[in-house]
Each structure stands twice: as C-alpha cells, then as structure tokens.
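K.L.:
Shown below is the structure under consideration.
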Amino acid sequence: MKYVVGLGEALFDCLPEGRKLGGAPANFAYHTAQFGHESIAISAIGDDELGKEIVETFNKVNLRHVLPLVEQPTGTVQVTLDQHGIPQYEICLGVAWDNIPYTDEMNAIAQETKAVCFGSLAQRTEGSRKTIQRFLQTTPKEALRVFDINLRQQWYTAEVINDSLKLCNVLKINDEELDVVAPMLLGISTTPGHLIAEDEQRTTEICRELIARYDLKMLILTCGAIGSYVFSADEKSWLTTPEVDVADTVGAGDSFTASFVAQILAGKSIREAHLTAVNVSAYVCTQNGAMPVLPESVKA
C-alpha cells in the first residue's frame, strides 16, 4: 500500500480576498503530501477555465490528481467570514464533483491505498456517493478510512452518515456536528453548544458509544478554540487549542486531519500525532486560505 487519498470535492473557495483552491478532501491530500506521503486528490472538474486552474494549481504544488472531465461546471463555494474569521459557506449544486465517475484508474489506486479521507458533502448526490462507497469498499482491509463528516447546510442525511460510519474506521467530527449526530444516530439528546463545555463525561460516553457501535479505531473530536480530543477504545487525549492571530479558519480542520493521519502512518503514538495536528491547524489559522506551505517547525 502506498497512496494517501483525498476523495470528494475539489473546488474554489471564493473568499473576501479572492479565489483559492479548496475542498476538504483536496486540502487533506495537499497537507499529507507535505509530510512526504504519495498523496492523490480524486474528484471531478468541468471542461472550463476553473477546471484548468485546478489542474494547474495541483501541478504547481506537485500534488498528484485524478480529475475526470464531466459535463457539469467546476465547483465553487462563496465563503464569508465573521468577526472571528469563522467561515460561512454557500455551496453551489449541480457541479462537477457531484458527478464523480468511478474509473479504472481510481480502482487501481484504491487497491494500493493506505489511507483515504472522505466526507458527507460529496455524497449529496447518488453519482458521487456510489463512486466514494465503491472506492472505500475496494481499499485494503487494513487501510485507514477516515470519515471527516463535514456537515454543510442541508447537504446530509442520516442514511449517508450511517452508511459512511459503517465504511470508515476513523471518524473526524466537531462539537457542533456531534450535537447533530448524537440524537440522529444514538438517540441521545444534547443541548447545542453545551455538551463539550459543561459535561466532559457525557461527551466521552457519546464518543465511546460511537466507537463501539461502528467498530472505529479512533474518533477525533475538535472543539474550536477550546481544544480537541482523540479517542480510541482504550485511550483519550485532550489538548487545548493554542491562541493565535487568526487570519481565517478555512481548511484548518482539514490540516488537522491530514497531519494527524500522516503522523499515525509514520508510526507515531496517538498523543504525538495529536500534538502535531494541533500545531499544524493553529498555524493554518494564521494564514489566508486552506493550502499554505507548512514550515518544518510545525510538522515535527
């Protein structure tokens, strides 16, 4: 096994300061590549100028990509930032990454994949959902299959989340998403915004219930400016979030996931991988856009 794959949306984030390449799986692939892994971004693009720009950008940063041309236009997302640099997204429908075809090249890559990251957003349509699920089913049993749940607007269902959890062995989720998933899948009601801050024991119980129910190797729970957890069946790591001057938080969670996975693949412990992930995501928050070059000092 040799590949680390980001599977799903590749698009342009239209930020206040201009257009920047993004999409959670593409961000994941980009950042794992910075740790020396042979990473591949898999998505779809339109036969248009934005599609050409995505290819040119990936080539410029030496990121391998599989981007079939489809009839739909290349995806864009309008991103606005609040006073704390927290993004709000307006995601266009009927775009290229809604229609990712499963190709022979993807099938060959899946068989040699050691880690893959996917989310719920690119599964909002049947076409891409079938491709993503088939890819996951083709990966080796021992591969890391990371479900970075990434709930956006109305673009998710209980069925997609449940099916994805059955196909993954690592879940990445944030505190707001846990408030959605706990009642949806476990029948556990929560008070939005209060779970992490006011009841650590209940948070731990919910996370361990998800691990047990879906036979997960690990669960990563990020809690914004407060901190983050990593759970396994018998471990729990908690680290506070460093205070930094935030430019924007676009892609910070993706860089967290990528650096954590990269370090686990390198044989690091959960705690060591967690510490690197925290430092990398904090650095990304100080930069504009989702794909800054990481200094060596934050990758250690």
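To be explicit about the labels: the chains of the structure tokens are called A, B, and onward in the order shown, and within each one the residues are counted from 1, while ligands get numbers from 1 in the order they are shown.
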How close does each residue of segment 14-84 of chain A get to segment 121-143 of chain A, giving the shortest atom pair and distance in Å to one decimal for every residue with an atom at most 10 Å away, counting only C-alpha atoms, sorted by chain and residue number, as a tab-separated table?

P.N.:
residue	atom	partner	partner_atom	distance
A:Gly23	CA	A:Ala122	CA	9.7
A:Ala24	CA	A:Leu121	CA	9.3
A:Pro25	CA	A:Ala122	CA	9.5
A:Ile42	CA	A:Ile132	CA	9.8
A:Ser43	CA	A:Ser128	CA	9.0
A:Ala44	CA	A:Ser128	CA	9.4

K.L.:
May I have the residues within 10 Å of Cys92 of chain A as a list of chain:residue names, using only C-alpha atoms and disregarding those fewer than 6 positions away in the same chain?

P.N.:
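Non-adjacent residues within range: A:Thr74, A:Gly75, A:Thr76, A:Val77, A:Gln78.
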
K.L.:
Only C-alpha atoms, please: the residues just picked out, written as a tab-separated table (two decimals), in the first residue's frame.

P.N.:
chain	number	residue	atom	x	y	z
A	74	THR	CA	-16.25	23.10	-11.84
A	75	GLY	CA	-17.48	23.72	-8.29
A	76	THR	CA	-17.31	26.99	-6.38
A	77	VAL	CA	-18.22	27.99	-2.85
A	78	GLN	CA	-18.92	31.54	-1.72

K.L.:
Name the residues of segment 128-285 of chain A that come out as strand (DSSP E or B) in a backbone DSSP run; write them as a PyMOL selection string.

P.N.:
chain A and resi 144-148+170-174+218-222+227-231+236-240

K.L.:
Can you tell me, as a compact mmCIF listing (two decimals) with N, CA and C atoms, in the first residue's frame, what residues are no more than 6 Å from Phe28 of chain A when counting only C-alpha atoms, ignoring any on the same chain fewer than 5 positions away?

P.N.:
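Saved as selection.txt:
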# COMPACT_ATOMS: atom_id res chain seq x y z
N GLY A 6 -7.34 11.86 -0.91
CA GLY A 6 -8.45 12.74 -0.56
C GLY A 6 -9.52 12.57 -1.62
N ASP A 254 -9.16 20.47 8.09
CA ASP A 254 -8.59 19.53 7.12
C ASP A 254 -7.11 19.31 7.38
N ALA A 258 -5.26 15.81 8.28
CA ALA A 258 -4.15 15.36 7.43
C ALA A 258 -2.88 15.12 8.24

K.L.:
Which value, in Å to one decimal, gives the distance between atom CA of Ile188 of chain A and atom CA of Val261 of chain A?

P.N.:
29.0 Å

K.L.:
If you count only C-alpha atoms, which residues fall within 8 Å of Ile173 of chain A, apart from same-chain ones fewer than 5 positions away, as a list in words?

P.N.:
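Close residues of Ile173 of chain A: Asp148, Ile149, Asn150, Leu178, Leu219, Ile220, Leu221 and Thr222 of chain A.
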